[in-house]
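Asks: One structure is given below, represented as structure tokens, and several questions about it will come after.
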Amino acid sequence: MASTSKKASMLPGRSALAGKPATRHANPDASKPGDGKPGDSKPGLVFSEMVHLGKLNLRASKSASTQVKSVVGCAFPTAANRFSSAGERHVVWLGPDEFLIICEADKDAELASTLESALKTQHCAVTNITDALAAFHLKGTAVRQVLAKGCAIDLHPGSFTSGDAAQTLLSHAAVTMLAVAENELIVICRTSFAPYLHDWLLDAALEYGVKFTK
């Protein structure tokens, strides 16, 4: 359900994991990668929910790139399966005329309205899907090994590089992955799948040590 609240006190994208406490499981096997040093208990995966993150779906042709950049701060990605960034904002390629725009908390409604005004001469559609999607921030030396347990795409840093995006399945859940850095990714899923992915990540990362932060 898209966010419709206009009250400043009611932030969009309320937590999909409100009932999930902060959790930490130490690395039970010092030979597994924590930070690569034997005996170090630093988790191989640290993840959290990116609560209140604004999310807009944009359907528009490439000719709208200039207007989008003037409003969002970054233009359309230069190639398929990529994303462009400007600070906390990202424009993610989903298809030839479909993009996911991610923005900072409590800016989704304002950004959607401004985009609609800027693109009024374009054949386009702007839909606020903030509450329909949940986002996870994942980092750590084992982040790609953990995700590879439930994902068929090649997640090697040489294949899925910084700035790449992919729509795929993660243990049967449809997700969009963004490679922020070698050991840092964003995973976006439907809000209803967030508790399932939370539990899956804790289980899949157990051998490397895992921490879920609030």
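How things are named: the first chain in the structure tokens is A, the next is B, and so on; residues count from 1 in each chain; ligands count from 1 in the order shown.
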Could you give me, as a list in words, each residue of segment 3-189 of chain A that DSSP assigns to alpha helix (DSSP H) when run on this structure's backbone?
Replies: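 Everything in segment 3-189 of chain A that counts as alpha helix (DSSP H) is Ser65, Thr66, Gln67, Val68, Lys69, Ser70, Val71, Val72, Asp108, Ala109, Glu110, Leu111, Ala112, Ser113, Thr114, Leu115, Glu116, Ser117, Ala118, Val143, Arg144, Gln145, Val146, Leu147 and Ala148 of chain A.
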Asks: Got a sec: who's within 8 Å of segment 46-55 of chain A, counting only C-alpha atoms, leaving out chain neighbours fewer than 6 positions off, as number ranges by chain?
Replies: A: 11-15, 17, 100-108, 128-130, 133-140, 210-214
Asks: Now that the selection is made, can you save its residues with C-alpha atoms as a compact mmCIF listing (two decimals), in the first residue's frame?
Replies:
# COMPACT_ATOMS: atom_id res chain seq x y z
CA LEU A 11 6.75 8.76 8.73
CA PRO A 12 6.17 6.50 5.73
CA GLY A 13 7.50 3.01 5.48
CA ARG A 14 6.93 1.97 9.09
CA SER A 15 9.05 -0.98 10.17
CA LEU A 17 10.27 -5.95 11.41
CA LEU A 100 12.71 2.59 -8.85
CA ILE A 101 13.55 5.87 -7.14
CA ILE A 102 14.82 5.65 -3.56
CA CYS A 103 14.92 8.77 -1.40
CA GLU A 104 15.49 9.81 2.19
CA ALA A 105 12.86 9.41 4.90
CA ASP A 106 9.69 11.53 4.77
CA LYS A 107 10.52 12.95 1.33
CA ASP A 108 8.56 10.46 -0.79
CA ASN A 128 4.46 6.05 -4.31
CA ILE A 129 5.23 2.48 -3.18
CA THR A 130 7.06 3.32 0.04
CA LEU A 133 8.48 -2.46 -0.15
CA ALA A 134 11.01 -3.08 2.62
CA ALA A 135 14.75 -2.54 2.30
CA PHE A 136 17.68 -4.23 4.03
CA HIS A 137 21.20 -2.85 4.32
CA LEU A 138 23.77 -5.64 4.37
CA LYS A 139 27.51 -5.39 4.93
CA GLY A 140 30.37 -7.62 5.96
CA VAL A 210 25.74 -12.53 12.05
CA LYS A 211 24.32 -9.40 13.66
CA PHE A 212 20.90 -7.78 13.08
CA THR A 213 20.77 -4.18 14.29
CA LYS A 214 17.75 -1.98 14.97
Asks: May I have the residues within 12 Å of Trp93 of chain A as number ranges by chain, using only C-alpha atoms and disregarding those fewer than 5 positions away in the same chain?
Replies: A: 57-62, 75-85, 98-102, 163-167, 176-178
Asks: Using N, CA and C atoms, can you write the selected residues to a file as a PDB file, in the first residue's frame?
Replies:
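Below you can see selection22.pdb, which holds the result:
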ATOM      1  N   ASN A  57       7.893   4.337  -7.792  1.00  0.00           N
ATOM      2  CA  ASN A  57       7.993   3.652  -9.077  1.00  0.00           C
ATOM      3  C   ASN A  57       7.714   4.671 -10.173  1.00  0.00           C
ATOM      4  N   LEU A  58       8.618   4.767 -11.129  1.00  0.00           N
ATOM      5  CA  LEU A  58       8.472   5.709 -12.227  1.00  0.00           C
ATOM      6  C   LEU A  58       8.421   4.963 -13.547  1.00  0.00           C
ATOM      7  N   ARG A  59       7.362   5.198 -14.314  1.00  0.00           N
ATOM      8  CA  ARG A  59       7.286   4.703 -15.677  1.00  0.00           C
ATOM      9  C   ARG A  59       7.440   5.905 -16.596  1.00  0.00           C
ATOM     10  N   ALA A  60       8.514   5.924 -17.368  1.00  0.00           N
ATOM     11  CA  ALA A  60       8.794   7.052 -18.267  1.00  0.00           C
ATOM     12  C   ALA A  60       9.859   6.632 -19.274  1.00  0.00           C
ATOM     13  N   SER A  61       9.893   7.327 -20.403  1.00  0.00           N
ATOM     14  CA  SER A  61      10.898   7.032 -21.423  1.00  0.00           C
ATOM     15  C   SER A  61      12.221   7.702 -21.056  1.00  0.00           C
ATOM     16  N   LYS A  62      13.283   7.334 -21.780  1.00  0.00           N
ATOM     17  CA  LYS A  62      14.603   7.883 -21.513  1.00  0.00           C
ATOM     18  C   LYS A  62      14.652   9.397 -21.728  1.00  0.00           C
ATOM     19  N   ALA A  75      20.448  11.283 -12.784  1.00  0.00           N
ATOM     20  CA  ALA A  75      19.730  10.925 -13.996  1.00  0.00           C
ATOM     21  C   ALA A  75      19.483   9.427 -14.054  1.00  0.00           C
ATOM     22  N   PHE A  76      18.841   8.980 -15.117  1.00  0.00           N
ATOM     23  CA  PHE A  76      18.641   7.556 -15.310  1.00  0.00           C
ATOM     24  C   PHE A  76      19.996   6.850 -15.432  1.00  0.00           C
ATOM     25  N   PRO A  77      20.087   5.596 -14.999  1.00  0.00           N
ATOM     26  CA  PRO A  77      21.326   4.836 -15.194  1.00  0.00           C
ATOM     27  C   PRO A  77      21.685   4.777 -16.674  1.00  0.00           C
ATOM     28  N   THR A  78      22.966   4.700 -16.954  1.00  0.00           N
ATOM     29  CA  THR A  78      23.426   4.720 -18.345  1.00  0.00           C
ATOM     30  C   THR A  78      23.293   3.368 -19.027  1.00  0.00           C
ATOM     31  N   ALA A  79      22.984   2.317 -18.279  1.00  0.00           N
ATOM     32  CA  ALA A  79      22.848   0.992 -18.864  1.00  0.00           C
ATOM     33  C   ALA A  79      21.824   0.183 -18.071  1.00  0.00           C
ATOM     34  N   ALA A  80      21.353  -0.896 -18.678  1.00  0.00           N
ATOM     35  CA  ALA A  80      20.412  -1.787 -17.996  1.00  0.00           C
ATOM     36  C   ALA A  80      21.074  -2.425 -16.784  1.00  0.00           C
ATOM     37  N   ASN A  81      20.244  -2.750 -15.792  1.00  0.00           N
ATOM     38  CA  ASN A  81      20.716  -3.412 -14.563  1.00  0.00           C
ATOM     39  C   ASN A  81      21.801  -2.609 -13.849  1.00  0.00           C
ATOM     40  N   ARG A  82      21.619  -1.315 -13.815  1.00  0.00           N
ATOM     41  CA  ARG A  82      22.517  -0.414 -13.098  1.00  0.00           C
ATOM     42  C   ARG A  82      21.666   0.555 -12.280  1.00  0.00           C
ATOM     43  N   PHE A  83      22.310   1.268 -11.359  1.00  0.00           N
ATOM     44  CA  PHE A  83      21.630   2.350 -10.647  1.00  0.00           C
ATOM     45  C   PHE A  83      22.572   3.540 -10.530  1.00  0.00           C
ATOM     46  N   SER A  84      21.991   4.726 -10.504  1.00  0.00           N
ATOM     47  CA  SER A  84      22.760   5.953 -10.331  1.00  0.00           C
ATOM     48  C   SER A  84      22.430   6.533  -8.964  1.00  0.00           C
ATOM     49  N   SER A  85      23.348   7.306  -8.413  1.00  0.00           N
ATOM     50  CA  SER A  85      23.177   7.796  -7.045  1.00  0.00           C
ATOM     51  C   SER A  85      23.558   9.256  -6.907  1.00  0.00           C
ATOM     52  N   GLU A  98      10.980   1.657 -16.933  1.00  0.00           N
ATOM     53  CA  GLU A  98      10.555   1.551 -15.531  1.00  0.00           C
ATOM     54  C   GLU A  98      11.756   1.703 -14.608  1.00  0.00           C
ATOM     55  N   PHE A  99      11.575   2.518 -13.559  1.00  0.00           N
ATOM     56  CA  PHE A  99      12.669   2.805 -12.634  1.00  0.00           C
ATOM     57  C   PHE A  99      12.141   2.845 -11.201  1.00  0.00           C
ATOM     58  N   LEU A 100      13.000   2.459 -10.274  1.00  0.00           N
ATOM     59  CA  LEU A 100      12.705   2.594  -8.846  1.00  0.00           C
ATOM     60  C   LEU A 100      13.530   3.750  -8.317  1.00  0.00           C
ATOM     61  N   ILE A 101      12.863   4.725  -7.724  1.00  0.00           N
ATOM     62  CA  ILE A 101      13.551   5.875  -7.136  1.00  0.00           C
ATOM     63  C   ILE A 101      13.516   5.730  -5.618  1.00  0.00           C
ATOM     64  N   ILE A 102      14.691   5.757  -5.011  1.00  0.00           N
ATOM     65  CA  ILE A 102      14.822   5.646  -3.562  1.00  0.00           C
ATOM     66  C   ILE A 102      15.256   6.994  -3.013  1.00  0.00           C
ATOM     67  N   GLY A 163      27.402  -0.381  -8.249  1.00  0.00           N
ATOM     68  CA  GLY A 163      26.544   0.297  -9.216  1.00  0.00           C
ATOM     69  C   GLY A 163      25.647  -0.639  -9.988  1.00  0.00           C
ATOM     70  N   ASP A 164      25.851  -1.955  -9.832  1.00  0.00           N
ATOM     71  CA  ASP A 164      25.003  -2.933 -10.506  1.00  0.00           C
ATOM     72  C   ASP A 164      23.722  -3.161  -9.711  1.00  0.00           C
ATOM     73  N   ALA A 165      22.653  -3.504 -10.418  1.00  0.00           N
ATOM     74  CA  ALA A 165      21.372  -3.843  -9.801  1.00  0.00           C
ATOM     75  C   ALA A 165      20.827  -5.086 -10.486  1.00  0.00           C
ATOM     76  N   ALA A 166      20.089  -5.889  -9.743  1.00  0.00           N
ATOM     77  CA  ALA A 166      19.534  -7.109 -10.319  1.00  0.00           C
ATOM     78  C   ALA A 166      18.203  -7.434  -9.658  1.00  0.00           C
ATOM     79  N   GLN A 167      17.246  -7.836 -10.476  1.00  0.00           N
ATOM     80  CA  GLN A 167      15.983  -8.360  -9.975  1.00  0.00           C
ATOM     81  C   GLN A 167      16.077  -9.878 -10.043  1.00  0.00           C
ATOM     82  N   THR A 176      15.102  -7.063  -5.288  1.00  0.00           N
ATOM     83  CA  THR A 176      15.981  -6.241  -6.111  1.00  0.00           C
ATOM     84  C   THR A 176      17.237  -5.988  -5.304  1.00  0.00           C
ATOM     85  N   MET A 177      18.392  -6.335  -5.862  1.00  0.00           N
ATOM     86  CA  MET A 177      19.668  -6.165  -5.179  1.00  0.00           C
ATOM     87  C   MET A 177      20.454  -5.019  -5.786  1.00  0.00           C
ATOM     88  N   LEU A 178      21.057  -4.206  -4.931  1.00  0.00           N
ATOM     89  CA  LEU A 178      21.926  -3.116  -5.356  1.00  0.00           C
ATOM     90  C   LEU A 178      23.309  -3.328  -4.756  1.00  0.00           C
TER      91      LEU A 178
END
Asks: May I ask for the distance between atom CA of Ser192 of chain A and atom CA of Leu94 of chain A, given in Å to one decimal place?
Replies: 20.5 Å
Asks: Give me the residues near segment 111-118 of chain A as a list of chain:residue names, where near means some atom within 9 Å (using only C-alpha atoms) and where sequence neighbours in that chain fewer than 2 positions away do not count.
Replies: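 Result of the neighbour search: A:Leu56, A:Gln67, A:Val68, A:Ser70, A:Val71, A:Val72, A:Cys103, A:Lys107, A:Asp108, A:Ala109, A:Lys120, A:Thr121, A:Gln122, A:Cys124, A:Ala125, A:Val126, A:Thr127, A:Asn128.
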Asks: For the residues in the current selection, export N, CA and C atoms as a tab-separated table (two decimals), in the first residue's frame.
Replies:
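The result, written out as part-v1.tsv:
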chain	number	residue	atom	x	y	z
A	56	LEU	N	9.68	5.24	-4.87
A	56	LEU	CA	8.74	5.61	-5.93
A	56	LEU	C	8.98	4.75	-7.16
A	67	GLN	N	14.73	15.89	-16.81
A	67	GLN	CA	13.79	16.36	-15.78
A	67	GLN	C	13.95	15.57	-14.48
A	68	VAL	N	14.16	14.28	-14.61
A	68	VAL	CA	14.35	13.45	-13.42
A	68	VAL	C	15.58	13.89	-12.65
A	70	SER	N	16.92	16.83	-12.60
A	70	SER	CA	16.70	18.14	-11.99
A	70	SER	C	15.92	18.04	-10.68
A	71	VAL	N	15.12	17.00	-10.55
A	71	VAL	CA	14.31	16.82	-9.34
A	71	VAL	C	14.99	15.90	-8.33
A	72	VAL	N	15.46	14.75	-8.79
A	72	VAL	CA	16.01	13.74	-7.90
A	72	VAL	C	17.47	14.01	-7.55
A	103	CYS	N	14.58	7.46	-1.97
A	103	CYS	CA	14.92	8.77	-1.40
A	103	CYS	C	14.94	8.69	0.12
A	107	LYS	N	10.44	12.10	2.50
A	107	LYS	CA	10.52	12.95	1.33
A	107	LYS	C	9.77	12.35	0.14
A	108	ASP	N	9.18	11.16	0.32
A	108	ASP	CA	8.56	10.46	-0.79
A	108	ASP	C	7.37	11.21	-1.39
A	109	ALA	N	6.47	11.70	-0.55
A	109	ALA	CA	5.28	12.38	-1.06
A	109	ALA	C	5.66	13.68	-1.78
A	120	LYS	N	5.04	16.74	-16.40
A	120	LYS	CA	3.65	16.88	-16.86
A	120	LYS	C	3.51	16.87	-18.38
A	121	THR	N	4.59	17.17	-19.09
A	121	THR	CA	4.53	17.13	-20.56
A	121	THR	C	4.96	15.77	-21.10
A	122	GLN	N	5.37	14.86	-20.22
A	122	GLN	CA	5.81	13.53	-20.61
A	122	GLN	C	4.69	12.51	-20.41
A	124	CYS	N	3.99	9.56	-18.65
A	124	CYS	CA	4.66	8.90	-17.53
A	124	CYS	C	3.68	8.62	-16.40
A	125	ALA	N	4.16	7.89	-15.41
A	125	ALA	CA	3.37	7.61	-14.21
A	125	ALA	C	4.30	7.53	-13.01
A	126	VAL	N	3.95	8.22	-11.94
A	126	VAL	CA	4.72	8.21	-10.70
A	126	VAL	C	3.85	7.60	-9.61
A	127	THR	N	4.31	6.52	-9.01
A	127	THR	CA	3.52	5.84	-7.98
A	127	THR	C	4.35	5.71	-6.71
A	128	ASN	N	3.78	6.16	-5.60
A	128	ASN	CA	4.46	6.05	-4.31
A	128	ASN	C	4.24	4.64	-3.76
Asks: For Ala174 of chain A, which of A:Lys149, A:Cys189, A:Leu197, A:His156 is the closest residue, counting only C-alpha atoms?
Replies: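 Nearest candidate to Ala174 of chain A out of A:Lys149, A:Cys189, A:Leu197, A:His156: A:Cys189.
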Asks: Restricting the calculation to only C-alpha atoms, which member of A:Leu206, A:Arg144, A:Leu119, A:Ala181 is positioned closest to Thr66 of chain A?
Replies: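 Using only C-alpha atoms, Thr66 of chain A sits closest to A:Leu119.
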Asks: Give me, please, the distance in Å between atom CA of Ile186 of chain A and atom CA of Ser65 of chain A, quoted to one decimal.
Replies: 23.5 Å
